[in-house]
Amino acid sequence: MMRYLDYLAQQNKPYLHAKGELATEHLIQWLDCQPEEQILEFGVGTGGTLVKVVSRYRQTTFWAVDKSKIMIKKASKRLAFCLLKDRATIKRIGQNQLNDFADNSFDKVYVESVLGIQNGPTLCELIAQFSRLLKPAGKLIFNETIWLMSTDMIEATAFNISAIEQFGLPQASTDYPYLNDWKALLEKHHFTVLKIEKVDVLNRIQVKEKINEKLSHLFTTLGNLYGKMFLMKRTQIFEQSFNLFASERKLMEGYLVMALNNK
């Protein structure tokens, strides 16, 4: 069975996180990219967010990593298609390869829906690595889906087991299930939480897009066409699986979180 993330990557799907492109625009505002800063995107996906930031902030240096071969391929193709081939360094990483980056390498690190699908030890290690990689007073900004306090762990665990069976990945962490658990994890690794916002209440932001961003939309459209032409059977299978996951009540919530590195 084709893994769900690979299926999305084949169609150039960007913004694979809670509240999609709207949440990305707010995350970019929170990033507040400055000239001469070094910024890392952990989990570049197909490169939709990366195109936005490198288009708008020409004096900032961007790095992007992902462990997925197909995601790295698609992100690189998107940047080239958008005439931004040399504007960011994109690198595929494996287990523990964040160690290749020196201490205090980055002013900011941002992540969109990657942390919550990791197991507990891996998530803990990643937060520790971000603290190491960030300069003192550097910022970690992420968008993650987190279980609501009203969702008990029996239900959350069963939900994740089904999600892994159907899509190849869990929906949210059960090792750090609730927002307070995430706060405690960050504090354990010398972060101070500065800001938290539910993505469901975010207001739309008016943005004047660069020509590169318009090309990025075209790249996404071409991927959608590919999906309609060659992946219809797979689409039907995943749609049927999604119908099985329909719930009468809300189980989880997407959050934007900003944390300050206090090492």
# chains A, B, ... in the order shown; residues from 1 in each chain; ligands from 1
call {"tool": "select_by_dssp", "arguments": {"residues": "segment 68-161 of chain A", "states": "helix (DSSP H, G or I)", "output": "number ranges by chain"}}
result
A: 69-81, 97-100, 115-117, 120-133, 153-161
call {"tool": "write_last_selection", "arguments": {"atoms": "N, CA and C atoms", "output": "short mmCIF file (atom, residue, chain, number, x, y, z; two decimals), in the first residue's frame"}}
result
data_model
loop_
_atom_site.label_atom_id
_atom_site.label_comp_id
_atom_site.auth_asym_id
_atom_site.auth_seq_id
_atom_site.Cartn_x
_atom_site.Cartn_y
_atom_site.Cartn_z
N LYS A 69 12.82 10.92 0.93
CA LYS A 69 13.47 11.12 -0.36
C LYS A 69 12.55 11.81 -1.34
N ILE A 70 11.28 11.40 -1.39
CA ILE A 70 10.35 12.00 -2.36
C ILE A 70 10.02 13.44 -1.98
N MET A 71 9.93 13.75 -0.68
CA MET A 71 9.67 15.13 -0.27
C MET A 71 10.83 16.04 -0.65
N ILE A 72 12.05 15.59 -0.43
CA ILE A 72 13.23 16.38 -0.81
C ILE A 72 13.25 16.61 -2.31
N LYS A 73 12.92 15.57 -3.07
CA LYS A 73 12.87 15.69 -4.53
C LYS A 73 11.84 16.72 -4.95
N LYS A 74 10.65 16.67 -4.36
CA LYS A 74 9.58 17.60 -4.74
C LYS A 74 9.90 19.02 -4.30
N ALA A 75 10.47 19.19 -3.10
CA ALA A 75 10.82 20.53 -2.64
C ALA A 75 11.88 21.16 -3.54
N SER A 76 12.86 20.37 -3.94
CA SER A 76 13.90 20.87 -4.84
C SER A 76 13.32 21.25 -6.19
N LYS A 77 12.41 20.42 -6.69
CA LYS A 77 11.77 20.72 -7.97
C LYS A 77 10.90 21.98 -7.87
N ARG A 78 10.20 22.15 -6.74
CA ARG A 78 9.36 23.34 -6.57
C ARG A 78 10.22 24.60 -6.59
N LEU A 79 11.33 24.58 -5.86
CA LEU A 79 12.18 25.77 -5.83
C LEU A 79 12.74 26.08 -7.22
N ALA A 80 13.16 25.05 -7.95
CA ALA A 80 13.67 25.28 -9.30
C ALA A 80 12.57 25.81 -10.21
N PHE A 81 11.37 25.25 -10.12
CA PHE A 81 10.23 25.70 -10.92
C PHE A 81 9.89 27.15 -10.63
N GLN A 97 21.11 12.76 12.01
CA GLN A 97 21.92 13.59 11.13
C GLN A 97 21.81 15.08 11.40
N LEU A 98 20.95 15.47 12.33
CA LEU A 98 21.01 16.86 12.79
C LEU A 98 22.34 17.12 13.49
N ASN A 99 23.02 16.05 13.90
CA ASN A 99 24.33 16.20 14.53
C ASN A 99 25.35 16.80 13.57
N ASP A 100 25.06 16.76 12.27
CA ASP A 100 25.98 17.35 11.29
C ASP A 100 26.03 18.87 11.40
N LEU A 115 6.55 17.06 14.41
CA LEU A 115 6.90 16.62 15.76
C LEU A 115 5.86 15.67 16.34
N GLY A 116 4.59 15.97 16.12
CA GLY A 116 3.52 15.20 16.75
C GLY A 116 3.38 13.78 16.25
N ILE A 117 4.00 13.45 15.12
CA ILE A 117 3.91 12.09 14.59
C ILE A 117 5.13 11.25 14.96
N GLY A 120 7.79 9.01 21.39
CA GLY A 120 8.22 9.84 22.50
C GLY A 120 9.72 10.10 22.57
N PRO A 121 10.57 9.06 22.52
CA PRO A 121 12.02 9.30 22.59
C PRO A 121 12.54 10.16 21.44
N THR A 122 12.01 9.96 20.23
CA THR A 122 12.45 10.76 19.09
C THR A 122 12.03 12.21 19.26
N LEU A 123 10.81 12.44 19.70
CA LEU A 123 10.34 13.81 19.93
C LEU A 123 11.21 14.51 20.97
N CYS A 124 11.50 13.82 22.05
CA CYS A 124 12.33 14.38 23.11
C CYS A 124 13.72 14.73 22.57
N GLU A 125 14.29 13.83 21.77
CA GLU A 125 15.61 14.07 21.19
C GLU A 125 15.60 15.26 20.23
N LEU A 126 14.53 15.39 19.46
CA LEU A 126 14.44 16.52 18.53
C LEU A 126 14.39 17.85 19.26
N ILE A 127 13.60 17.93 20.32
CA ILE A 127 13.53 19.18 21.08
C ILE A 127 14.90 19.52 21.67
N ALA A 128 15.61 18.50 22.16
CA ALA A 128 16.96 18.72 22.68
C ALA A 128 17.89 19.21 21.58
N GLN A 129 17.77 18.63 20.39
CA GLN A 129 18.60 19.06 19.26
C GLN A 129 18.29 20.50 18.86
N PHE A 130 17.03 20.86 18.86
CA PHE A 130 16.69 22.24 18.51
C PHE A 130 17.31 23.21 19.50
N SER A 131 17.31 22.85 20.77
CA SER A 131 17.95 23.71 21.77
C SER A 131 19.44 23.86 21.49
N ARG A 132 20.07 22.76 21.09
CA ARG A 132 21.50 22.80 20.76
C ARG A 132 21.77 23.63 19.52
N LEU A 133 20.94 23.44 18.49
CA LEU A 133 21.16 24.11 17.21
C LEU A 133 20.87 25.60 17.27
N MET A 153 -6.79 8.71 26.79
CA MET A 153 -5.69 8.04 26.11
C MET A 153 -6.09 6.71 25.48
N ILE A 154 -7.11 6.07 26.00
CA ILE A 154 -7.59 4.84 25.37
C ILE A 154 -8.13 5.16 23.98
N GLU A 155 -8.91 6.23 23.90
CA GLU A 155 -9.48 6.63 22.61
C GLU A 155 -8.40 7.13 21.67
N ALA A 156 -7.47 7.93 22.19
CA ALA A 156 -6.39 8.48 21.35
C ALA A 156 -5.50 7.37 20.81
N THR A 157 -5.18 6.41 21.65
CA THR A 157 -4.32 5.30 21.22
C THR A 157 -5.01 4.46 20.15
N ALA A 158 -6.28 4.16 20.35
CA ALA A 158 -7.03 3.39 19.35
C ALA A 158 -7.11 4.15 18.03
N PHE A 159 -7.29 5.46 18.11
CA PHE A 159 -7.36 6.29 16.91
C PHE A 159 -6.04 6.23 16.15
N ASN A 160 -4.93 6.33 16.89
CA ASN A 160 -3.61 6.29 16.25
C ASN A 160 -3.32 4.93 15.62
N ILE A 161 -3.72 3.86 16.29
CA ILE A 161 -3.50 2.53 15.73
C ILE A 161 -4.21 2.40 14.39
#
call {"tool": "closest_atom_pairs", "arguments": {"of": "segment 62-164 of chain A", "to": "segment 21-36 of chain A", "cutoff": "12 Å", "atoms": "only C-alpha atoms", "output": "CSV"}}
result
residue,atom,partner,partner_atom,distance
A:Phe62,CA,A:Cys33,CA,10.0
A:Phe106,CA,A:Glu36,CA,10.7
A:Asp107,CA,A:Cys33,CA,9.4
A:Lys108,CA,A:Leu31,CA,7.4
A:Val109,CA,A:Leu31,CA,8.7
A:Tyr110,CA,A:Leu31,CA,7.9
A:Val111,CA,A:Leu27,CA,9.4
A:Glu112,CA,A:Thr24,CA,8.2
A:Ser113,CA,A:Thr24,CA,11.0
A:Gly138,CA,A:Leu31,CA,10.7
A:Lys139,CA,A:Leu31,CA,8.3
A:Leu140,CA,A:Leu31,CA,8.9
A:Ile141,CA,A:Leu31,CA,7.3
A:Phe142,CA,A:Leu27,CA,7.6
A:Asn143,CA,A:Ala23,CA,7.8
A:Glu144,CA,A:Ala23,CA,10.5
call {"tool": "write_last_selection", "arguments": {"atoms": "C-alpha atoms", "output": "compact mmCIF listing (two decimals), in the first residue's frame"}}
result
# COMPACT_ATOMS: atom_id res chain seq x y z
CA PHE A 62 17.39 29.39 4.77
CA PHE A 106 20.44 28.99 13.71
CA ASP A 107 18.55 32.04 14.86
CA LYS A 108 15.20 30.32 14.38
CA VAL A 109 13.82 26.85 13.66
CA TYR A 110 10.29 26.23 12.39
CA VAL A 111 8.32 23.00 12.04
CA GLU A 112 4.89 22.23 10.58
CA SER A 113 3.22 18.97 11.67
CA GLY A 138 16.84 31.75 19.40
CA LYS A 139 13.24 30.81 18.71
CA LEU A 140 11.46 27.55 17.94
CA ILE A 141 8.11 27.98 16.19
CA PHE A 142 5.85 25.10 15.28
CA ASN A 143 2.34 24.10 14.21
CA GLU A 144 1.23 20.81 15.71
call {"tool": "residues_around", "arguments": {"residues": "segment 230-243 of chain A", "least_positions_apart": "5", "cutoff": "10 Å", "atoms": "only C-alpha atoms", "output": "VMD selection string"}}
result
chain A and resid 1 to 2 4 7 to 8 10 to 11 162 to 163 165 to 167 224 to 225
call {"tool": "write_last_selection", "arguments": {"atoms": "N, CA and C atoms", "output": "mmCIF file, in the first residue's frame"}}
result
data_model
loop_
_atom_site.group_PDB
_atom_site.id
_atom_site.type_symbol
_atom_site.label_atom_id
_atom_site.label_comp_id
_atom_site.auth_asym_id
_atom_site.auth_seq_id
_atom_site.Cartn_x
_atom_site.Cartn_y
_atom_site.Cartn_z
ATOM 1 N N MET A 1 0.832 -1.209 0.000
ATOM 2 C CA MET A 1 0.000 0.000 0.000
ATOM 3 C C MET A 1 0.865 1.257 0.000
ATOM 4 N N MET A 2 0.538 2.186 -0.877
ATOM 5 C CA MET A 2 1.259 3.454 -0.914
ATOM 6 C C MET A 2 1.034 4.229 0.381
ATOM 7 N N TYR A 4 0.540 7.313 2.800
ATOM 8 C CA TYR A 4 -0.258 8.514 2.550
ATOM 9 C C TYR A 4 0.608 9.731 2.250
ATOM 10 N N TYR A 7 1.833 9.554 -1.230
ATOM 11 C CA TYR A 7 0.702 9.859 -2.116
ATOM 12 C C TYR A 7 0.513 11.375 -2.246
ATOM 13 N N LEU A 8 0.576 12.090 -1.138
ATOM 14 C CA LEU A 8 0.443 13.550 -1.173
ATOM 15 C C LEU A 8 1.627 14.192 -1.881
ATOM 16 N N GLN A 10 3.476 12.960 -4.261
ATOM 17 C CA GLN A 10 3.387 12.756 -5.706
ATOM 18 C C GLN A 10 2.520 13.820 -6.375
ATOM 19 N N GLN A 11 1.614 14.422 -5.609
ATOM 20 C CA GLN A 11 0.719 15.449 -6.149
ATOM 21 C C GLN A 11 1.164 16.870 -5.783
ATOM 22 N N SER A 162 -5.436 2.864 14.328
ATOM 23 C CA SER A 162 -6.182 2.812 13.064
ATOM 24 C C SER A 162 -5.540 3.707 12.012
ATOM 25 N N ALA A 163 -5.068 4.888 12.419
ATOM 26 C CA ALA A 163 -4.442 5.814 11.473
ATOM 27 C C ALA A 163 -3.167 5.217 10.885
ATOM 28 N N GLU A 165 -2.531 2.035 10.552
ATOM 29 C CA GLU A 165 -2.946 0.950 9.654
ATOM 30 C C GLU A 165 -3.409 1.486 8.306
ATOM 31 N N GLN A 166 -4.161 2.591 8.328
ATOM 32 C CA GLN A 166 -4.754 3.119 7.105
ATOM 33 C C GLN A 166 -3.815 4.040 6.327
ATOM 34 N N PHE A 167 -3.008 4.842 7.050
ATOM 35 C CA PHE A 167 -2.241 5.902 6.393
ATOM 36 C C PHE A 167 -0.732 5.821 6.611
ATOM 37 N N ASN A 224 -1.873 18.434 -8.738
ATOM 38 C CA ASN A 224 -3.282 18.034 -8.618
ATOM 39 C C ASN A 224 -3.772 17.358 -9.891
ATOM 40 N N LEU A 225 -3.373 17.897 -11.034
ATOM 41 C CA LEU A 225 -3.758 17.301 -12.320
ATOM 42 C C LEU A 225 -3.179 15.897 -12.471
#
call {"tool": "residues_around", "arguments": {"residues": "segment 197-204 of chain A", "least_positions_apart": "2", "cutoff": "6 Å", "atoms": "only C-alpha atoms", "output": "ChimeraX atom specification"}}
result
/A:254-256
call {"tool": "write_last_selection", "arguments": {"atoms": "C-alpha atoms", "output": "mmCIF file, in the first residue's frame"}}
result
data_model
loop_
_atom_site.group_PDB
_atom_site.id
_atom_site.type_symbol
_atom_site.label_atom_id
_atom_site.label_comp_id
_atom_site.auth_asym_id
_atom_site.auth_seq_id
_atom_site.Cartn_x
_atom_site.Cartn_y
_atom_site.Cartn_z
ATOM 1 C CA GLY A 254 -4.056 22.514 16.008
ATOM 2 C CA TYR A 255 -1.776 24.988 17.785
ATOM 3 C CA LEU A 256 0.885 27.481 16.798
#
call {"tool": "atom_distance", "arguments": {"atom1": "atom CA of Leu251 of chain A", "atom2": "atom CA of Asn12 of chain A"}}
result
28.2 Å
call {"tool": "atom_distance", "arguments": {"atom1": "atom CA of Asn261 of chain A", "atom2": "atom CA of Gly20 of chain A"}}
result
26.4 Å
call {"tool": "select_by_dssp", "arguments": {"residues": "segment 135-249 of chain A", "states": "strand (DSSP E or B)", "output": "PyMOL selection string"}}
result
chain A and resi 135-147+191-198
call {"tool": "residues_around", "arguments": {"residues": "Glu209 of chain A", "least_positions_apart": "2", "cutoff": "10 Å", "atoms": "only C-alpha atoms", "output": "VMD selection string"}}
result
chain A and resid 52 55 to 56 206 to 207 211 to 214
call {"tool": "residues_around", "arguments": {"residues": "Arg92 of chain A", "least_positions_apart": "6", "cutoff": "6 Å", "atoms": "only C-alpha atoms", "output": "MDAnalysis selection string"}}
result
chainID A and resid 65:67
call {"tool": "closest_residue", "arguments": {"among": "A:Ala64, A:Leu84, A:Val114, A:Leu40", "to": "Leu16 of chain A", "atoms": "only C-alpha atoms"}}
result
A:Val114
call {"tool": "closest_residue", "arguments": {"among": "A:Ser173, A:Thr46, A:Thr89, A:Thr192", "to": "Thr220 of chain A", "atoms": "only C-alpha atoms"}}
result
A:Thr46
